[in-house]
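Asker: So here's upload_21.txt, just compact mmCIF, C-alpha atoms and all ligand atoms:
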# COMPACT_ATOMS: atom_id res chain seq x y z
CA MET A 24 69.83 -10.13 20.45
CA MET A 25 67.02 -9.62 17.94
CA LEU A 26 66.33 -13.33 18.02
CA ILE A 27 65.91 -13.31 21.79
CA LEU A 28 63.64 -10.30 21.61
CA TRP A 29 61.54 -11.98 18.92
CA GLN A 30 61.22 -15.17 20.97
CA ARG A 31 60.02 -13.18 23.95
CA LEU A 32 57.53 -11.16 21.93
CA ARG A 33 56.19 -13.97 19.81
CA PRO A 34 53.63 -15.43 22.25
CA GLY A 35 52.19 -11.95 22.71
CA LEU A 36 52.09 -11.36 18.97
CA ASN A 37 50.31 -14.65 18.45
CA TRP A 38 47.79 -13.67 21.07
CA LEU A 39 47.26 -10.28 19.39
CA LEU A 40 46.87 -11.94 16.00
CA GLY A 41 44.30 -14.32 17.46
CA LEU A 42 42.44 -11.40 19.01
CA ALA A 43 42.42 -9.53 15.70
CA VAL A 44 41.05 -12.56 13.90
CA SER A 45 38.27 -13.09 16.43
CA LEU A 46 37.46 -9.37 16.46
CA SER A 47 37.18 -9.23 12.69
CA PHE A 48 34.98 -12.30 12.86
CA VAL A 49 32.62 -10.59 15.29
CA ILE A 50 32.67 -7.32 13.32
CA GLY A 51 32.16 -9.29 10.11
CA ILE A 52 29.01 -10.86 11.50
CA GLN A 53 27.66 -7.55 12.72
CA ALA A 54 28.52 -5.79 9.49
CA LEU A 55 25.73 -7.65 7.68
CA PRO A 56 23.33 -4.71 7.84
CA LEU A 57 20.69 -6.12 5.52
CA PHE A 58 19.19 -8.76 7.73
CA SER A 59 20.18 -7.45 11.16
CA GLU A 60 17.52 -6.96 13.77
CA GLY A 61 18.73 -3.40 14.27
CA ALA A 62 18.07 -2.49 10.66
CA ILE A 63 14.61 -4.05 10.79
CA ALA A 64 13.83 -2.28 14.06
CA ALA A 65 14.91 1.02 12.52
CA VAL A 66 12.50 0.53 9.60
CA LEU A 67 9.64 -0.47 11.90
CA SER A 68 10.11 2.56 14.16
CA SER A 69 10.58 4.92 11.21
CA SER A 70 7.97 7.59 10.66
CA LYS A 71 7.95 6.88 6.93
CA PRO A 72 4.47 5.72 5.87
CA LEU A 73 3.64 2.17 4.91
CA MET A 74 3.60 2.05 1.12
CA GLU A 75 0.60 0.30 -0.38
CA VAL A 76 0.97 -1.53 -3.68
CA SER A 77 -1.68 -3.65 -5.40
CA VAL A 78 -1.33 -6.57 -7.78
CA HIS A 79 -4.09 -8.61 -9.39
CA LEU A 80 -3.60 -12.29 -10.17
CA GLY A 81 -5.46 -12.70 -13.44
CA ASN A 82 -8.46 -10.61 -14.39
CA SER A 83 -12.20 -10.93 -14.92
CA THR A 84 -11.76 -11.84 -18.60
CA GLU A 85 -9.55 -14.79 -17.60
CA GLU A 86 -6.35 -13.49 -19.15
CA LEU A 87 -3.35 -15.29 -17.69
CA LYS A 88 -1.29 -12.36 -16.45
CA PHE A 89 -0.39 -10.28 -13.43
CA VAL A 90 -1.72 -6.74 -13.41
CA PRO A 91 0.62 -4.90 -13.29
CA GLU A 92 3.36 -7.17 -14.60
CA GLN A 93 6.14 -5.10 -13.07
CA LEU A 94 6.45 -3.87 -9.52
CA GLU A 95 9.17 -1.67 -8.10
CA PHE A 96 10.20 -1.38 -4.48
CA ILE A 97 12.84 0.57 -2.61
CA ALA A 98 15.09 -1.23 -0.15
CA GLY A 99 14.57 -0.25 3.46
CA ARG A 100 10.96 0.97 3.07
CA ARG A 101 8.03 -0.94 4.47
CA TYR A 102 5.35 -2.14 2.06
CA LYS A 103 1.91 -3.62 2.16
CA LEU A 104 1.44 -5.59 -1.04
CA ILE A 105 -2.27 -6.22 -1.59
CA LEU A 106 -2.88 -9.26 -3.76
CA ASP A 107 -6.25 -10.21 -5.13
CA ASN A 108 -7.64 -12.72 -7.57
CA PRO A 109 -10.49 -11.29 -9.66
CA SER A 110 -10.60 -14.34 -11.95
CA SER A 111 -12.58 -17.55 -11.63
CA GLN A 112 -9.62 -19.89 -11.20
CA LYS A 113 -6.89 -20.11 -8.60
CA HIS A 114 -3.46 -18.57 -9.15
CA TYR A 115 -0.09 -18.49 -7.43
CA PHE A 116 2.17 -15.58 -6.65
CA THR A 117 5.50 -17.39 -6.75
CA ALA A 118 8.64 -15.31 -6.27
CA LYS A 119 11.22 -17.35 -4.37
CA ASP A 120 14.31 -15.20 -4.96
CA PHE A 121 12.34 -12.04 -4.21
CA ALA A 122 11.12 -13.61 -0.97
CA ASP A 123 14.74 -14.29 -0.01
CA ALA A 124 15.58 -10.63 -0.64
CA ILE A 125 12.95 -9.23 1.72
CA TRP A 126 12.07 -9.45 5.38
CA THR A 127 8.46 -10.56 5.81
CA GLN A 128 6.68 -9.02 8.77
CA LYS A 129 3.40 -10.83 8.14
CA VAL A 130 0.91 -12.07 5.60
CA GLU A 131 -2.74 -11.49 6.37
CA ALA A 132 -5.58 -13.32 4.68
CA GLY A 133 -9.10 -13.57 6.05
CA ASN A 134 -8.72 -13.63 9.81
CA VAL A 135 -5.37 -15.37 9.68
CA GLU A 136 -2.01 -13.68 10.13
CA VAL A 137 1.06 -15.66 9.10
CA LYS A 138 4.56 -14.71 10.32
CA GLY A 139 7.87 -15.84 8.94
CA ALA A 140 9.35 -16.42 5.52
CA ILE A 141 6.89 -16.83 2.66
CA HIS A 142 7.93 -17.92 -0.83
CA GLU A 143 4.62 -18.50 -2.54
CA LEU A 144 0.99 -17.48 -2.06
CA GLU A 145 -1.99 -19.33 -3.49
CA LEU A 146 -5.10 -17.24 -4.09
CA LYS A 147 -8.40 -18.90 -4.79
CA PRO A 148 -10.99 -17.02 -6.90
CA GLY A 149 -12.02 -13.84 -5.11
CA ALA A 150 -9.30 -14.14 -2.47
CA ILE A 151 -7.40 -11.20 -1.04
CA ALA A 152 -4.13 -11.31 0.87
CA GLU A 153 -1.92 -8.60 2.31
CA TRP A 154 1.82 -9.11 2.51
CA VAL A 155 3.71 -6.70 4.74
CA PHE A 156 7.46 -6.72 4.21
CA VAL A 157 10.65 -4.71 3.98
CA PRO A 158 12.72 -5.17 0.79
CA LEU A 159 16.38 -5.58 1.78
CA LYS A 160 18.52 -6.71 -1.15
CA SER A 161 18.41 -4.75 -4.37
CA GLY A 162 18.02 -6.65 -7.60
CA THR A 163 15.62 -7.85 -10.27
CA TYR A 164 13.55 -10.90 -9.41
CA GLU A 165 11.17 -13.06 -11.39
CA LEU A 166 7.55 -13.67 -10.54
CA HIS A 167 5.32 -16.37 -11.98
CA CYS A 168 2.22 -18.40 -11.39
CA SER A 169 3.21 -22.00 -10.77
CA ILE A 170 0.01 -23.59 -12.05
CA PRO A 171 0.98 -25.73 -15.08
CA GLY A 172 0.71 -23.72 -18.29
CA HIS A 173 0.01 -20.34 -16.69
CA SER A 174 3.58 -19.05 -16.73
CA GLU A 175 3.99 -20.20 -20.35
CA ALA A 176 0.75 -18.42 -21.28
CA GLY A 177 2.13 -15.12 -19.94
CA MET A 178 1.51 -15.20 -16.22
CA ARG A 179 4.93 -13.87 -15.36
CA GLY A 180 6.23 -10.66 -13.91
CA VAL A 181 9.29 -8.77 -12.77
CA LEU A 182 9.86 -7.51 -9.22
CA THR A 183 12.58 -4.90 -8.78
CA ILE A 184 14.17 -3.73 -5.57
CA ALA A 185 16.04 -0.45 -5.94
CA GLU A 186 18.94 0.59 -3.68
CA GLN A 187 18.05 2.26 -0.44
CA GLN A 188 17.90 6.04 -0.80
CA PRO A 189 20.15 8.13 1.46
CA ALA A 190 18.24 9.32 4.53
CU CU B 201 -2.22 -18.72 -12.65
Give the structure from the file, written as structure tokens.
Ligand SMILES: [Cu+2]

Answerer:
Amino acid sequence: MMLILWQRLRPGLNWLLGLAVSLSFVIGIQALPLFSEGAIAAVLSSSKPLMEVSVHLGNSTEELKFVPEQLEFIAGRRYKLILDNPSSQKHYFTAKDFADAIWTQKVEAGNVEVKGAIHELELKPGAIAEWVFVPLKSGTYELHCSIPGHSEAGMRGVLTIAEQQPA
């Protein structure tokens, strides 16, 4: 009796199991809040002000360092990072893992606006660039200048993304 019942129910159970698996798959995809368009849209429409942060690549006395050497961001806020190079040689702002942990809205330099993922910026002497982004993934990320010898001479930094604060 139980066997017959089981045989009749089994196709339905298999179908339900399949449905559950595909549902969890869909929910699993949508449960990635960090990089979802909805989360980005929420930040862009938020009334919270754009936070401006400045970093200098080198200085006028040709020291090989970032000023400041440490920058802190909060996940979910929108930032404008203003980079400039006050020295007489070119420098790089190279932060690949950091770039993977943020959503870049744009990079502006001169009259050019660049959209899409950015991993490294090269600034010639006197150059200024503005990087507008939303930090998404908390963590501690390294920064360096990728010109040979600069990182070894001290041109390194630490970029921190703190957890999103409760609304
Ligand atoms: Cu450099």

Asker: One decimal, in Å: what's the spacing between CA of Ser77 in chain A and CA of Ala64 in chain A?

Answerer: 24.9 Å

Asker: Counting all atoms listed in the file, name the residues that have an atom within 6 Å of an atom of ligand CU 201 (chain B); the answer should be given as a list in words.

Answerer: His114, Tyr115, Cys168, Ile170 and His173 of chain A

Asker: Can you measure CA of Tyr102 in chain A to CA of Gly162 in chain A for me? One decimal in Å is fine.

Answerer: 16.6 Å

Asker: Name all residues at most 7 Å from Ala152 in chain A (count only C-alpha atoms; drop same-chain ones fewer than 4 positions away) and give them as a tab-separated table (two decimals) with C-alpha atoms, keeping the file's coordinate frame.

Answerer:
chain	number	residue	atom	x	y	z
A	105	ILE	CA	-2.27	-6.22	-1.59
A	106	LEU	CA	-2.88	-9.26	-3.76
A	107	ASP	CA	-6.25	-10.21	-5.13
A	130	VAL	CA	0.91	-12.07	5.60
A	131	GLU	CA	-2.74	-11.49	6.37
A	132	ALA	CA	-5.58	-13.32	4.68

Asker: Could you name the residues that touch Pro158 in chain A at 6 Å or less, counting only C-alpha atoms, but leaving out those on the same chain fewer than 3 positions away, as a list in words?

Answerer: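 Counting only C-alpha atoms, the residues come to Ala98, Gly99 and Ile125 of chain A.
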
Asker: Identify which of the residues A:Arg101, A:Ala140, A:Lys147, A:Thr163 lies closest to Asp123 in chain A, counting only C-alpha atoms when measuring atom-to-atom distances.

Answerer: A:Ala140

Asker: Would you compute the distance between CA of Gly81 in chain A and CA of Val157 in chain A? Give it in Å to one decimal.

Answerer: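 Computed distance, CA of Gly81 in chain A to CA of Val157 in chain A, equals 25.0 Å.
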
Asker: Which of these residues is nearest to Gln112 in chain A, using all atoms listed in the file: A:Glu86, A:Glu75, A:Glu165, A:Glu136?

Answerer: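 Result for the nearest residue to Gln112 in chain A: A:Glu86.
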
Asker: Measuring between all atoms listed in the file, which one of A:Ala118, A:Val90, A:Leu73, A:Val181 shows the shortest distance to Glu145 in chain A?

Answerer: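 Among the listed residues, A:Ala118 lies closest to Glu145 in chain A.
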
Asker: My list of candidates is A:Glu85, A:Trp126, A:Ser161, A:Gly177. Which is closest to Leu67 in chain A when distances are computed with all atoms listed in the file?

Answerer: A:Trp126

Asker: Ranking A:Val135, A:Leu94, A:Ala65, A:Met74 by minimum distance to Gly180 in chain A and counting only C-alpha atoms, which one comes first?

Answerer: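 So, comparing all the options, the nearest one is A:Leu94.
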
Asker: Keeping just C-alpha atoms, export range 40-172 of chain A of this structure as a PDB file, in the first residue's frame.

Answerer:
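Once written, selection-v4.pdb looks like this:
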ATOM      1  CA  LEU A  40      12.527  18.971  -5.755  1.00  0.00           C
ATOM      2  CA  GLY A  41      13.509  20.283  -9.184  1.00  0.00           C
ATOM      3  CA  LEU A  42      11.462  23.418  -8.604  1.00  0.00           C
ATOM      4  CA  ALA A  43      13.109  23.976  -5.217  1.00  0.00           C
ATOM      5  CA  VAL A  44      16.551  23.613  -6.742  1.00  0.00           C
ATOM      6  CA  SER A  45      15.830  26.064  -9.544  1.00  0.00           C
ATOM      7  CA  LEU A  46      14.185  28.502  -7.121  1.00  0.00           C
ATOM      8  CA  SER A  47      17.161  28.450  -4.791  1.00  0.00           C
ATOM      9  CA  PHE A  48      19.376  28.985  -7.804  1.00  0.00           C
ATOM     10  CA  VAL A  49      17.439  32.092  -8.796  1.00  0.00           C
ATOM     11  CA  ILE A  50      17.292  33.367  -5.209  1.00  0.00           C
ATOM     12  CA  GLY A  51      20.994  32.592  -4.813  1.00  0.00           C
ATOM     13  CA  ILE A  52      21.822  34.781  -7.796  1.00  0.00           C
ATOM     14  CA  GLN A  53      19.651  37.622  -6.569  1.00  0.00           C
ATOM     15  CA  ALA A  54      20.982  37.364  -3.040  1.00  0.00           C
ATOM     16  CA  LEU A  55      24.330  38.789  -4.152  1.00  0.00           C
ATOM     17  CA  PRO A  56      23.555  42.273  -2.867  1.00  0.00           C
ATOM     18  CA  LEU A  57      27.028  43.729  -3.291  1.00  0.00           C
ATOM     19  CA  PHE A  58      27.174  44.042  -7.028  1.00  0.00           C
ATOM     20  CA  SER A  59      23.463  44.107  -7.872  1.00  0.00           C
ATOM     21  CA  GLU A  60      22.115  46.928  -9.960  1.00  0.00           C
ATOM     22  CA  GLY A  61      19.470  47.556  -7.309  1.00  0.00           C
ATOM     23  CA  ALA A  62      22.072  48.216  -4.630  1.00  0.00           C
ATOM     24  CA  ILE A  63      23.992  50.558  -6.923  1.00  0.00           C
ATOM     25  CA  ALA A  64      20.801  52.377  -7.900  1.00  0.00           C
ATOM     26  CA  ALA A  65      19.936  52.800  -4.225  1.00  0.00           C
ATOM     27  CA  VAL A  66      23.323  54.414  -3.541  1.00  0.00           C
ATOM     28  CA  LEU A  67      23.048  56.698  -6.572  1.00  0.00           C
ATOM     29  CA  SER A  68      19.562  57.903  -5.610  1.00  0.00           C
ATOM     30  CA  SER A  69      20.503  58.286  -1.946  1.00  0.00           C
ATOM     31  CA  SER A  70      20.492  61.771  -0.491  1.00  0.00           C
ATOM     32  CA  LYS A  71      23.780  61.105   1.279  1.00  0.00           C
ATOM     33  CA  PRO A  72      26.436  63.528   0.007  1.00  0.00           C
ATOM     34  CA  LEU A  73      29.292  62.531  -2.235  1.00  0.00           C
ATOM     35  CA  MET A  74      32.337  62.143  -0.005  1.00  0.00           C
ATOM     36  CA  GLU A  75      35.472  63.838  -1.290  1.00  0.00           C
ATOM     37  CA  VAL A  76      38.855  62.341  -0.479  1.00  0.00           C
ATOM     38  CA  SER A  77      42.224  63.534  -1.784  1.00  0.00           C
ATOM     39  CA  VAL A  78      45.457  61.649  -2.323  1.00  0.00           C
ATOM     40  CA  HIS A  79      48.742  62.980  -3.673  1.00  0.00           C
ATOM     41  CA  LEU A  80      51.063  60.776  -5.715  1.00  0.00           C
ATOM     42  CA  GLY A  81      54.488  61.906  -4.584  1.00  0.00           C
ATOM     43  CA  ASN A  82      55.229  65.430  -3.421  1.00  0.00           C
ATOM     44  CA  SER A  83      57.130  68.527  -4.499  1.00  0.00           C
ATOM     45  CA  THR A  84      60.315  67.365  -2.758  1.00  0.00           C
ATOM     46  CA  GLU A  85      60.262  64.145  -4.814  1.00  0.00           C
ATOM     47  CA  GLU A  86      59.682  61.780  -1.923  1.00  0.00           C
ATOM     48  CA  LEU A  87      58.390  58.447  -3.187  1.00  0.00           C
ATOM     49  CA  LYS A  88      55.195  58.099  -1.185  1.00  0.00           C
ATOM     50  CA  PHE A  89      51.449  58.560  -1.247  1.00  0.00           C
ATOM     51  CA  VAL A  90      50.096  61.368   0.885  1.00  0.00           C
ATOM     52  CA  PRO A  91      48.234  60.168   2.880  1.00  0.00           C
ATOM     53  CA  GLU A  92      49.452  56.579   2.894  1.00  0.00           C
ATOM     54  CA  GLN A  93      46.210  55.236   4.323  1.00  0.00           C
ATOM     55  CA  LEU A  94      42.693  55.870   3.127  1.00  0.00           C
ATOM     56  CA  GLU A  95      39.490  54.631   4.706  1.00  0.00           C
ATOM     57  CA  PHE A  96      36.147  54.201   3.012  1.00  0.00           C
ATOM     58  CA  ILE A  97      32.748  52.956   4.102  1.00  0.00           C
ATOM     59  CA  ALA A  98      30.940  50.377   1.990  1.00  0.00           C
ATOM     60  CA  GLY A  99      27.800  51.642   0.318  1.00  0.00           C
ATOM     61  CA  ARG A 100      28.759  55.345   0.307  1.00  0.00           C
ATOM     62  CA  ARG A 101      29.674  57.182  -2.853  1.00  0.00           C
ATOM     63  CA  TYR A 102      33.129  58.753  -3.075  1.00  0.00           C
ATOM     64  CA  LYS A 103      35.018  61.117  -5.283  1.00  0.00           C
ATOM     65  CA  LEU A 104      38.705  60.312  -4.894  1.00  0.00           C
ATOM     66  CA  ILE A 105      40.762  63.237  -6.171  1.00  0.00           C
ATOM     67  CA  LEU A 106      44.240  62.154  -7.227  1.00  0.00           C
ATOM     68  CA  ASP A 107      46.987  64.558  -8.134  1.00  0.00           C
ATOM     69  CA  ASN A 108      50.672  64.388  -8.884  1.00  0.00           C
ATOM     70  CA  PRO A 109      52.590  67.364  -7.449  1.00  0.00           C
ATOM     71  CA  SER A 110      55.981  65.827  -8.287  1.00  0.00           C
ATOM     72  CA  SER A 111      58.071  66.125 -11.432  1.00  0.00           C
ATOM     73  CA  GLN A 112      57.882  62.471 -12.464  1.00  0.00           C
ATOM     74  CA  LYS A 113      54.995  60.209 -13.370  1.00  0.00           C
ATOM     75  CA  HIS A 114      53.424  57.849 -10.852  1.00  0.00           C
ATOM     76  CA  TYR A 115      50.847  55.085 -10.787  1.00  0.00           C
ATOM     77  CA  PHE A 116      47.944  54.513  -8.451  1.00  0.00           C
ATOM     78  CA  THR A 117      47.769  50.724  -8.664  1.00  0.00           C
ATOM     79  CA  ALA A 118      45.216  48.971  -6.470  1.00  0.00           C
ATOM     80  CA  LYS A 119      43.863  45.934  -8.309  1.00  0.00           C
ATOM     81  CA  ASP A 120      42.136  44.149  -5.421  1.00  0.00           C
ATOM     82  CA  PHE A 121      40.632  47.413  -4.210  1.00  0.00           C
ATOM     83  CA  ALA A 122      39.326  48.079  -7.717  1.00  0.00           C
ATOM     84  CA  ASP A 123      37.636  44.667  -7.668  1.00  0.00           C
ATOM     85  CA  ALA A 124      35.958  45.551  -4.368  1.00  0.00           C
ATOM     86  CA  ILE A 125      34.330  48.745  -5.623  1.00  0.00           C
ATOM     87  CA  TRP A 126      31.891  49.774  -8.310  1.00  0.00           C
ATOM     88  CA  THR A 127      33.394  52.490 -10.508  1.00  0.00           C
ATOM     89  CA  GLN A 128      30.920  55.050 -11.764  1.00  0.00           C
ATOM     90  CA  LYS A 129      33.497  57.040 -13.717  1.00  0.00           C
ATOM     91  CA  VAL A 130      37.001  58.420 -13.832  1.00  0.00           C
ATOM     92  CA  GLU A 131      37.400  61.985 -15.024  1.00  0.00           C
ATOM     93  CA  ALA A 132      40.663  63.477 -16.203  1.00  0.00           C
ATOM     94  CA  GLY A 133      40.962  66.590 -18.323  1.00  0.00           C
ATOM     95  CA  ASN A 134      37.913  66.591 -20.557  1.00  0.00           C
ATOM     96  CA  VAL A 135      37.718  62.824 -20.690  1.00  0.00           C
ATOM     97  CA  GLU A 136      35.316  60.691 -18.697  1.00  0.00           C
ATOM     98  CA  VAL A 137      36.038  56.970 -18.535  1.00  0.00           C
ATOM     99  CA  LYS A 138      33.369  54.440 -17.503  1.00  0.00           C
ATOM    100  CA  GLY A 139      33.850  50.866 -16.442  1.00  0.00           C
ATOM    101  CA  ALA A 140      36.304  48.967 -14.300  1.00  0.00           C
ATOM    102  CA  ILE A 141      39.626  50.662 -13.603  1.00  0.00           C
ATOM    103  CA  HIS A 142      42.547  48.914 -11.919  1.00  0.00           C
ATOM    104  CA  GLU A 143      45.350  51.396 -12.328  1.00  0.00           C
ATOM    105  CA  LEU A 144      45.738  55.109 -13.025  1.00  0.00           C
ATOM    106  CA  GLU A 145      48.861  56.743 -14.411  1.00  0.00           C
ATOM    107  CA  LEU A 146      49.361  60.393 -13.503  1.00  0.00           C
ATOM    108  CA  LYS A 147      51.922  62.469 -15.308  1.00  0.00           C
ATOM    109  CA  PRO A 148      53.537  65.422 -13.461  1.00  0.00           C
ATOM    110  CA  GLY A 149      50.877  67.970 -12.578  1.00  0.00           C
ATOM    111  CA  ALA A 150      47.994  65.691 -13.571  1.00  0.00           C
ATOM    112  CA  ILE A 151      44.704  65.512 -11.722  1.00  0.00           C
ATOM    113  CA  ALA A 152      42.099  62.758 -11.954  1.00  0.00           C
ATOM    114  CA  GLU A 153      38.803  62.203 -10.184  1.00  0.00           C
ATOM    115  CA  TRP A 154      37.590  58.691  -9.508  1.00  0.00           C
ATOM    116  CA  VAL A 155      33.940  58.358  -8.534  1.00  0.00           C
ATOM    117  CA  PHE A 156      33.035  54.990  -7.054  1.00  0.00           C
ATOM    118  CA  VAL A 157      31.059  53.079  -4.457  1.00  0.00           C
ATOM    119  CA  PRO A 158      33.062  50.736  -2.185  1.00  0.00           C
ATOM    120  CA  LEU A 159      31.196  47.413  -1.947  1.00  0.00           C
ATOM    121  CA  LYS A 160      33.311  44.727  -0.295  1.00  0.00           C
ATOM    122  CA  SER A 161      34.876  45.417   3.072  1.00  0.00           C
ATOM    123  CA  GLY A 162      38.519  44.573   3.554  1.00  0.00           C
ATOM    124  CA  THR A 163      42.069  45.875   3.574  1.00  0.00           C
ATOM    125  CA  TYR A 164      43.687  46.369   0.190  1.00  0.00           C
ATOM    126  CA  GLU A 165      47.182  47.287  -0.906  1.00  0.00           C
ATOM    127  CA  LEU A 166      48.111  50.271  -3.004  1.00  0.00           C
ATOM    128  CA  HIS A 167      51.407  50.852  -4.762  1.00  0.00           C
ATOM    129  CA  CYS A 168      53.080  52.702  -7.575  1.00  0.00           C
ATOM    130  CA  SER A 169      54.091  50.222 -10.249  1.00  0.00           C
ATOM    131  CA  ILE A 170      57.036  52.192 -11.616  1.00  0.00           C
ATOM    132  CA  PRO A 171      60.159  50.046 -11.003  1.00  0.00           C
ATOM    133  CA  GLY A 172      61.745  50.907  -7.656  1.00  0.00           C
TER     134      GLY A 172
END
